[in-house]
Every structure is written in C-alpha cells, then in structure tokens.
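Coordinates from run-v9.csv are shown below (CSV, C-alpha atoms).
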chain,number,residue,atom,x,y,z
H,23,MET,CA,-5.7,11.4,-19.4
H,24,GLN,CA,-6.5,12.8,-15.9
H,25,ILE,CA,-9.9,12.4,-14.2
H,26,THR,CA,-10.6,15.7,-12.7
H,27,ASP,CA,-14.1,15.1,-11.3
H,28,PHE,CA,-14.7,11.4,-10.8
H,29,GLU,CA,-18.0,10.2,-9.4
H,30,VAL,CA,-18.6,8.0,-6.3
H,31,ASP,CA,-21.7,6.2,-5.3
H,32,GLU,CA,-23.4,6.2,-1.9
H,33,SER,CA,-20.6,4.1,-0.3
H,34,LEU,CA,-17.8,6.2,-1.7
H,35,LYS,CA,-17.1,3.6,-4.4
H,36,GLU,CA,-15.6,5.3,-7.4
H,37,MET,CA,-17.7,4.8,-10.5
H,38,THR,CA,-15.0,5.3,-13.1
H,39,LYS,CA,-14.3,2.3,-15.3
H,40,HIS,CA,-10.6,1.7,-15.0
H,41,ARG,CA,-9.7,0.0,-18.3
H,42,THR,CA,-8.5,0.4,-21.8
H,43,VAL,CA,-10.7,-0.8,-24.6
H,44,VAL,CA,-9.7,-4.4,-24.2
H,45,ILE,CA,-8.3,-5.0,-20.7
H,46,PRO,CA,-9.3,-3.9,-17.2
H,47,VAL,CA,-6.3,-1.7,-16.6
H,48,ALA,CA,-6.0,2.1,-16.6
H,49,CYS,CA,-2.9,4.3,-16.2
H,50,TYR,CA,-2.8,8.1,-16.1
H,51,GLU,CA,-1.0,11.0,-14.6
H,52,THR,CA,-2.9,13.0,-12.0
H,53,LYS,CA,-2.2,16.5,-10.9
H,54,ILE,CA,-4.0,16.9,-7.6
H,55,ALA,CA,-4.6,20.6,-7.9
H,56,ASP,CA,-6.5,20.1,-11.2
H,57,ASN,CA,-9.2,18.1,-9.5
H,58,ILE,CA,-12.5,20.0,-9.2
H,59,HIS,CA,-12.3,19.6,-5.4
H,60,GLY,CA,-8.6,20.8,-5.2
H,61,LYS,CA,-7.8,17.4,-3.7
H,62,ILE,CA,-8.5,13.7,-4.4
H,63,PRO,CA,-11.5,13.1,-2.1
H,64,LEU,CA,-12.0,9.9,0.0
H,65,HIS,CA,-13.2,7.0,-2.2
H,66,TRP,CA,-12.6,3.3,-2.9
H,67,HIS,CA,-12.7,0.9,-5.8
H,68,GLU,CA,-12.4,-2.8,-6.4
H,69,GLU,CA,-9.2,-2.3,-8.4
H,70,ILE,CA,-5.9,-2.5,-6.8
H,71,GLN,CA,-3.9,0.7,-7.3
H,72,PHE,CA,-0.3,1.7,-7.6
H,73,LEU,CA,0.6,5.4,-7.0
H,74,LEU,CA,4.0,6.5,-8.2
H,75,THR,CA,4.8,10.1,-7.2
H,76,LEU,CA,6.4,11.9,-10.2
H,77,LYS,CA,6.7,15.4,-8.7
H,78,GLY,CA,6.1,17.1,-5.4
H,79,ASP,CA,4.7,15.9,-2.1
H,80,ALA,CA,1.3,14.7,-1.1
H,81,LEU,CA,-0.5,13.7,2.1
H,82,VAL,CA,-2.2,10.3,1.5
H,83,GLN,CA,-4.8,8.6,3.6
H,84,VAL,CA,-5.6,4.9,3.4
H,85,ASN,CA,-8.4,3.7,5.7
H,86,GLU,CA,-7.4,5.3,9.1
H,87,GLU,CA,-3.7,6.0,8.4
H,88,LYS,CA,-2.3,9.2,7.0
H,89,PHE,CA,1.3,9.6,5.7
H,90,SER,CA,3.2,11.7,3.3
H,91,VAL,CA,4.7,10.6,0.0
H,92,LYS,CA,7.4,12.5,-2.0
H,93,GLU,CA,8.8,12.4,-5.5
H,94,GLY,CA,9.9,8.9,-6.4
H,95,ASP,CA,7.8,7.1,-3.7
H,96,CYS,CA,5.6,4.2,-4.9
H,97,LEU,CA,2.5,3.1,-3.0
H,98,PHE,CA,0.3,0.0,-3.4
H,99,ILE,CA,-3.3,0.5,-2.3
H,100,ASN,CA,-5.4,-2.7,-1.9
H,101,SER,CA,-8.8,-3.4,-3.3
H,102,GLY,CA,-11.7,-1.9,-1.4
H,103,CYS,CA,-9.6,0.4,0.8
H,104,LEU,CA,-10.8,4.0,1.4
H,105,HIS,CA,-8.2,6.5,0.3
H,106,SER,CA,-7.6,10.1,-0.5
H,107,ALA,CA,-4.8,12.5,-1.4
H,108,GLN,CA,-4.0,16.2,-0.6
H,109,ASP,CA,-1.3,18.3,-2.3
H,110,ILE,CA,1.4,19.4,0.2
H,111,SER,CA,3.9,21.1,-2.2
H,112,GLY,CA,1.3,22.7,-4.5
H,113,ASP,CA,2.6,20.9,-7.6
H,114,CYS,CA,2.2,17.2,-6.8
H,115,VAL,CA,1.8,14.9,-9.8
H,116,TYR,CA,1.6,11.1,-9.6
H,117,LEU,CA,1.1,8.2,-11.9
H,118,CYS,CA,-1.9,6.1,-11.1
H,119,LEU,CA,-2.1,2.5,-12.2
H,120,ASN,CA,-5.5,0.8,-11.5
H,121,VAL,CA,-5.9,-3.0,-12.2
H,122,SER,CA,-8.8,-5.4,-11.7
H,123,PRO,CA,-7.6,-8.1,-9.4
H,124,HIS,CA,-9.1,-10.7,-11.7
H,125,PHE,CA,-6.6,-9.6,-14.4
H,126,LEU,CA,-3.5,-10.3,-12.3
H,127,LEU,CA,-3.4,-14.1,-12.8
H,128,PRO,CA,-5.3,-16.8,-14.6
H,129,GLN,CA,-8.5,-18.0,-12.9
H,130,GLU,CA,-6.9,-21.3,-11.8
H,131,LEU,CA,-4.3,-19.3,-9.7
H,132,PHE,CA,-6.6,-16.6,-8.5
H,133,SER,CA,-7.9,-18.3,-5.3
H,134,SER,CA,-4.4,-19.3,-4.2
H,135,TYR,CA,-2.3,-16.3,-5.1
H,136,VAL,CA,-4.7,-13.3,-5.3
H,137,THR,CA,-7.7,-13.8,-3.0
H,138,PRO,CA,-5.7,-14.3,0.3
H,139,TYR,CA,-3.9,-11.0,-0.3
H,140,ILE,CA,-6.7,-8.7,-1.5
H,141,SER,CA,-8.9,-9.9,1.4
H,142,ALA,CA,-6.2,-9.6,4.2
H,143,ALA,CA,-7.2,-6.9,6.7
H,144,ASN,CA,-3.6,-6.0,7.4
H,145,LEU,CA,-2.7,-5.3,3.8
H,146,SER,CA,-4.5,-2.0,3.2
H,147,TYR,CA,-1.4,-0.5,1.6
H,148,LEU,CA,2.3,-0.9,1.2
H,149,VAL,CA,5.0,1.7,0.6
H,150,LEU,CA,7.5,0.1,-1.9
H,151,ASP,CA,11.1,0.4,-1.1
H,152,GLY,CA,12.7,1.6,-4.4
H,153,CYS,CA,16.2,1.0,-2.9
H,154,LYS,CA,15.6,-2.7,-2.9
H,155,GLU,CA,15.8,-4.6,-6.2
H,156,TRP,CA,12.2,-6.0,-6.0
H,157,GLY,CA,10.8,-2.5,-5.4
H,158,LYS,CA,12.8,-1.0,-8.3
H,159,ASN,CA,11.6,-3.9,-10.5
H,160,ILE,CA,8.0,-3.0,-9.7
H,161,VAL,CA,8.5,0.7,-10.4
H,162,ASP,CA,10.2,-0.1,-13.7
H,163,SER,CA,7.3,-2.4,-14.7
H,164,ILE,CA,4.7,0.3,-13.9
H,165,LEU,CA,6.5,2.8,-16.1
H,166,GLU,CA,6.7,0.2,-18.9
H,167,ILE,CA,3.0,-0.5,-18.6
H,168,ARG,CA,2.4,3.3,-18.9
H,169,ASP,CA,4.4,3.4,-22.1
H,170,LEU,CA,2.7,0.3,-23.6
H,171,ILE,CA,-0.7,1.8,-23.0
H,172,HIS,CA,0.4,5.1,-24.5
H,173,GLU,CA,2.1,3.6,-27.6
H,174,SER,CA,-0.2,0.5,-28.1
H,175,PRO,CA,2.4,-1.6,-30.1
H,176,PRO,CA,1.3,-5.0,-31.4
H,177,PHE,CA,0.4,-7.5,-28.7
H,178,TYR,CA,0.8,-4.8,-26.0
H,179,GLU,CA,-2.1,-6.3,-23.9
H,180,MET,CA,-0.1,-9.6,-23.6
H,181,ASP,CA,3.0,-7.6,-22.5
H,182,ILE,CA,1.0,-5.8,-19.9
H,183,ALA,CA,-0.5,-9.1,-18.6
H,184,CYS,CA,3.1,-10.5,-18.2
H,185,LEU,CA,4.3,-7.4,-16.4
H,186,LEU,CA,1.4,-7.4,-14.0
H,187,ALA,CA,2.0,-11.1,-13.2
H,188,HIS,CA,5.7,-10.2,-12.5
H,189,ILE,CA,4.6,-7.2,-10.3
H,190,TRP,CA,2.3,-9.4,-8.3
H,191,GLN,CA,4.9,-12.1,-7.8
H,192,GLN,CA,7.4,-9.5,-6.5
H,193,LEU,CA,4.8,-8.3,-4.0
H,194,ILE,CA,3.8,-11.7,-2.6
H,195,ARG,CA,7.4,-12.9,-2.5
H,196,ASN,CA,8.9,-9.8,-0.8
H,197,GLY,CA,6.3,-7.2,0.3
H,198,PHE,CA,3.2,-8.9,1.7
H,199,GLN,CA,2.7,-10.7,5.0
H,200,LEU,CA,-0.7,-12.3,5.5
H,201,GLU,CA,-2.7,-11.6,8.7
H,202,HIS,CA,-6.4,-11.9,8.7
H,203,THR,CA,-8.3,-10.0,11.4
H,204,ARG,CA,-12.0,-10.4,11.5
H,205,THR,CA,-12.4,-7.5,13.9
H,206,GLU,CA,-10.7,-5.1,11.4
H,207,ASP,CA,-12.9,-6.4,8.6
H,208,GLU,CA,-16.0,-5.8,10.6
H,209,LYS,CA,-14.8,-2.3,11.6
H,210,HIS,CA,-14.3,-1.2,8.1
H,211,LYS,CA,-17.6,-2.8,7.0
H,212,ARG,CA,-19.5,-0.7,9.6
H,213,MET,CA,-17.5,2.4,8.6
H,214,LYS,CA,-18.6,2.0,5.0
H,215,GLU,CA,-22.2,1.5,6.1
H,216,MET,CA,-22.2,4.8,7.9
H,217,LEU,CA,-20.6,6.6,5.0
H,218,ASN,CA,-23.1,5.0,2.7
H,219,TRP,CA,-26.0,6.3,4.8
H,220,ILE,CA,-24.5,9.8,5.0
H,221,HIS,CA,-24.2,9.9,1.2
H,222,GLU,CA,-27.7,8.8,0.7
H,223,HIS,CA,-29.2,11.2,3.3
H,224,TYR,CA,-26.9,14.2,3.4
H,225,ALA,CA,-29.5,16.6,2.0
H,226,GLU,CA,-31.9,15.7,4.8
H,227,LYS,CA,-31.9,16.6,8.5
H,228,VAL,CA,-29.2,14.3,9.9
H,229,THR,CA,-28.3,13.6,13.6
H,230,LEU,CA,-25.5,11.8,15.2
H,231,SER,CA,-28.0,9.1,16.3
H,232,ASP,CA,-28.9,8.6,12.7
H,233,ILE,CA,-25.3,8.0,11.6
H,234,ALA,CA,-24.6,5.7,14.6
H,235,LYS,CA,-27.7,3.6,13.9
H,236,ALA,CA,-26.6,3.1,10.3
H,237,GLY,CA,-23.4,1.5,11.6
H,238,ARG,CA,-25.2,-0.4,14.4
H,239,LEU,CA,-23.2,1.4,17.0
H,240,SER,CA,-23.8,3.7,20.0
H,241,LYS,CA,-23.2,7.4,19.5
H,242,SER,CA,-19.9,7.2,21.5
H,243,GLU,CA,-18.7,4.2,19.4
H,244,CYS,CA,-19.7,6.0,16.2
H,245,CYS,CA,-17.6,9.0,17.2
H,246,ARG,CA,-14.7,6.7,18.1
H,247,TYR,CA,-14.8,5.0,14.7
H,248,PHE,CA,-14.8,8.3,12.8
H,249,LYS,CA,-12.0,9.7,15.0
H,250,LYS,CA,-9.8,6.6,14.6
H,251,ILE,CA,-10.4,5.9,10.9
H,252,LEU,CA,-11.1,9.4,9.4
H,253,LYS,CA,-9.5,11.6,12.1
H,254,THR,CA,-12.7,13.7,12.3
H,255,THR,CA,-16.2,13.6,13.9
H,256,PRO,CA,-19.3,12.3,12.1
H,257,ILE,CA,-20.9,15.7,12.0
H,258,HIS,CA,-17.8,17.4,10.7
H,259,TYR,CA,-17.5,14.7,8.0
H,260,LEU,CA,-21.2,15.3,7.1
H,261,THR,CA,-20.6,19.1,6.8
H,262,GLN,CA,-17.6,18.6,4.6
H,263,HIS,CA,-19.5,16.2,2.4
H,264,ARG,CA,-22.3,18.7,2.0
H,265,LEU,CA,-19.8,21.3,1.0
H,266,GLN,CA,-18.2,19.0,-1.6
H,267,LYS,CA,-21.7,18.4,-3.0
H,268,SER,CA,-22.3,22.1,-3.2
H,269,LEU,CA,-19.3,22.7,-5.6
H,270,PRO,CA,-20.8,21.4,-8.8
H,271,LEU,CA,-24.1,23.1,-8.0
H,272,LEU,CA,-22.5,26.4,-7.5
H,273,GLN,CA,-20.9,26.1,-11.0
H,274,GLU,CA,-24.3,25.9,-12.7
H,275,PRO,CA,-24.9,29.3,-14.4
H,276,ASP,CA,-28.3,30.0,-12.8
H,277,SER,CA,-27.6,28.6,-9.3
H,278,ASN,CA,-28.3,30.7,-6.2
H,279,VAL,CA,-26.2,30.4,-3.1
H,280,THR,CA,-29.2,30.1,-0.7
H,281,GLU,CA,-30.9,27.5,-2.9
H,282,VAL,CA,-27.7,25.5,-3.1
H,283,ALA,CA,-27.3,25.6,0.7
H,284,TYR,CA,-30.7,24.1,1.3
H,285,LYS,CA,-30.2,21.5,-1.5
H,286,VAL,CA,-27.2,20.0,0.2
H,287,GLY,CA,-28.7,19.9,3.7
H,288,PHE,CA,-27.8,23.2,5.4
H,289,ASN,CA,-30.7,24.8,7.3
H,290,SER,CA,-29.4,28.4,6.8
H,291,SER,CA,-27.5,30.1,4.1
H,292,SER,CA,-25.4,32.1,6.6
H,293,TYR,CA,-24.1,28.8,8.2
H,294,PHE,CA,-23.4,27.4,4.8
H,295,ILE,CA,-21.4,30.6,3.9
H,296,GLU,CA,-19.5,30.4,7.2
H,297,LYS,CA,-18.5,26.8,6.8
H,298,PHE,CA,-17.7,27.2,3.1
H,299,ARG,CA,-15.4,30.1,3.8
H,300,MET,CA,-13.6,28.2,6.6
H,301,THR,CA,-13.0,25.2,4.2
H,302,MET,CA,-12.4,26.9,0.8
H,303,ASN,CA,-10.9,30.3,2.0
H,304,MET,CA,-13.5,32.1,0.0
H,305,THR,CA,-17.3,32.6,0.0
H,306,PRO,CA,-19.6,30.5,-2.2
H,307,LEU,CA,-20.3,33.5,-4.4
H,308,ALA,CA,-16.6,34.1,-4.9
H,309,TYR,CA,-16.1,30.4,-5.8
H,310,LYS,CA,-19.1,30.6,-8.2
H,311,LYS,CA,-17.6,33.7,-10.0
H,312,LYS,CA,-14.2,32.1,-10.1
H,313,ARG,CA,-15.5,28.9,-11.7
H,314,ASN,CA,-17.9,30.5,-14.2

Spell out the structure here as structure tokens.
Amino acid sequence: MQITDFEVDESLKEMTKHRTVVIPVACYETKIADNIHGKIPLHWHEEIQFLLTLKGDALVQVNEEKFSVKEGDCLFINSGCLHSAQDISGDCVYLCLNVSPHFLLPQELFSSYVTPYISAANLSYLVLDGCKEWGKNIVDSILEIRDLIHESPPFYEMDIACLLAHIWQQLIRNGFQLEHTRTEDEKHKRMKEMLNWIHEHYAEKVTLSDIAKAGRLSKSECCRYFKKILKTTPIHYLTQHRLQKSLPLLQEPDSNVTEVAYKVGFNSSSYFIEKFRMTMNMTPLAYKKKRN
C-alpha cells in the first residue's frame, strides 16, 4: 500500500507508523507521481530505509547531497537523515522498506553493532553495489521480506527478523566505514532546528533574521547552511513550504484562493498566485479545479 500524503511534524519528521500489526517493519511500493505533492517531500524518520528502484529514474536528496537512481539501484538511508525524491522519468516506482533500528538485532547486541552505525555522521546513505555478491544478497533479502509481508505465512515475522539480521551483517561487514564527526552532527542539528522553526511559524511574518536566530547562526551562516545542505535559500525554502501547505487547503470544496494565501503566510494573493504558477505550472484556481 502506497502512502500518498504522509504527514510530517514541525521538524519534518514523518508521522507514519512504519510497521505491520506485530513488528516495526513496513514495506510498500511507491509511485512518486501518485503523491499529493507530485514528489516525495523532504522528511526524516527514526527508521532506517532501503529504497529499491523497480522502474524509471529519480533524483534523490539525502541531507545536502543529490544524486540520481535508476531501475535496479538500491539505496540505504540512515536513521534521522533528511531525504526526498523527485521523479525524473515520469514513471518512477520504488520499493520502500522501513525498519526500526531496535528490531535489527537483540538488545544485547544493539549498542555494539547498531548504535555506532546509525549515529555515524558519515553514514547518511549508501548506494548498494548489486554487482557484488553482498549487495545482491541484500536486494534478494529485501524482495523476500516484501513477499513475506504480503503472503504472511506461518512464522513469517521470525523469517523477517532473520533476514534483517543478515542484511545488517552484510552492511557492517562490507558497506559501512565508521567515522564520527561532531561538526557534522552539530550542523545537521542546527539545520533541523531552523526547519522546525519554519514549520511552526510559516503562517506568520517571517524574516531571514528569525530563521537564523532559530539555528543560533548569523544571517550569512544561515544562508550558507541552506545553500550547502538544501541547495536553496532560507526564504525560497519558506516560500516552497508555504506552497506545499496550500495544496490540501485548495482541495477543500469551499476554499478561496485569497483566504488560502493568507492562511499559509503570503501577504498578497497576487504574489501567492505568481509563486504557485512558477512552481506548479498552473494557477491555484486551476489546481483546485483539477483536484476537486
């Protein structure tokens, strides 16, 4: 089952509960174009994630890095990392496997074999090499987990637990290299603080100074952080977030474009319409008619 409109909190943390009835694991196919935003917006979650591209191409962002993935590529995204995806080919579909880190190994092994890797600043993501045996083993295990969840045979939860332990062992034996950088940890902490502030106050009057203050930075440093990590400016990000927040409001039957503009923080409807058209290639009214 695909999630087409997942919710995030003020810090961009995804609120979806990634689990079956019994275990903290979720696996589903995602067609990027079917998302309400037309893309997978920037978010993060405590679960680790494996993204296996089944069809088409996508542009993926993890923290400050952007790169393309094509059919057959498999990507590991670490716990707590900001990430998003945009469709390049127009038909991109990927398999998403989300797993609570605490379900990877027994508690007695967690501090030794899980904590060092999910907290390492240099391990935000890893592109798995399917040409190598260990990479192919991980891809095969992900597909087997998908089938187990879908078919739910007897004891399938235990089979999934075994497969996840195998996947994790392959990663820490072959794919991961530990390197802790306190500076990187602090940088991403401040970035999340600024995003958190924007998502709490986007409907109000917001200045660059306000955003910088939330990250305990100067205005120039704030701009540098956004440029390096998100490849945009703080104000442009704020505008895009306001536009994303306007989409569900425009889909309400009795909504009014001018009222929506003011609700999400724009101080004029004409400016809202201009920015909406630039981003969505249509006016807010046309979007409303298309969605209703």

Against region 207-215 of chain H, which residues of region 80-157 of chain H fall within 12 Å? For each one I want the closest pair of atoms and the distance in Å (one decimal), counting only C-alpha atoms, rows by chain and increasing residue number, as CSV.
residue,atom,partner,partner_atom,distance
H:Val84,CA,H:His210,CA,11.6
H:Asn85,CA,H:His210,CA,8.0
H:Glu86,CA,H:His210,CA,9.5
H:Gly102,CA,H:His210,CA,9.9
H:Cys103,CA,H:His210,CA,8.8
H:Leu104,CA,H:Lys214,CA,8.8
H:Ser141,CA,H:Asp207,CA,8.9
H:Ala142,CA,H:Asp207,CA,8.6
H:Ala143,CA,H:Asp207,CA,6.0
H:Asn144,CA,H:Asp207,CA,9.4
H:Leu145,CA,H:Asp207,CA,11.3
H:Ser146,CA,H:Asp207,CA,10.9

Just give me the residues with any atom within 12 Å of (4.5, -10.8, 3.5), file coordinates, counting all atoms listed in the file, written as a PyMOL selection string.
chain H and resi 138-139+142+144-145+148+191-201

Do you have, as CSV, the list of residues of region 188-298 of chain H lying at most 12 Å from region 162-168 of chain H, each with its nearest atom pair and that distance in Å to one decimal, counting only C-alpha atoms and ordered by chain then number?
residue,atom,partner,partner_atom,distance
H:His188,CA,H:Ser163,CA,8.3
H:Ile189,CA,H:Ser163,CA,7.0
H:Trp190,CA,H:Ser163,CA,10.7
H:Gln192,CA,H:Ser163,CA,10.8

So what do you get for CA of Phe89 (chain H) versus CA of Tyr147 (chain H), distance-wise?
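Those two atoms sit 11.2 Å apart.
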
In Å and to one decimal, CA of His59 (chain H) is distant from CA of Lys267 (chain H) by 9.8 Å

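Between CA of Ser174 (chain H) and CA of Pro46 (chain H) the separation is 14.9 Å.
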
Adding 6 Å on each side of the box along x, y and z that holds all listed atoms of region 257-269 of chain H, could you give its centre and edge lengths in Å to one decimal, as AutoDock Vina command-line options?
--center_x -19.9 --center_y 18.7 --center_z 3.2 --size_x 16.8 --size_y 20.0 --size_z 29.6

From the list H:Asn100, H:Ser134, H:Gln266, H:Ser291, which residue is nearest Ser122 (chain H) when using all atoms listed in the file?
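Using all atoms listed in the file, the shortest distance to Ser122 (chain H) belongs to H:Asn100.
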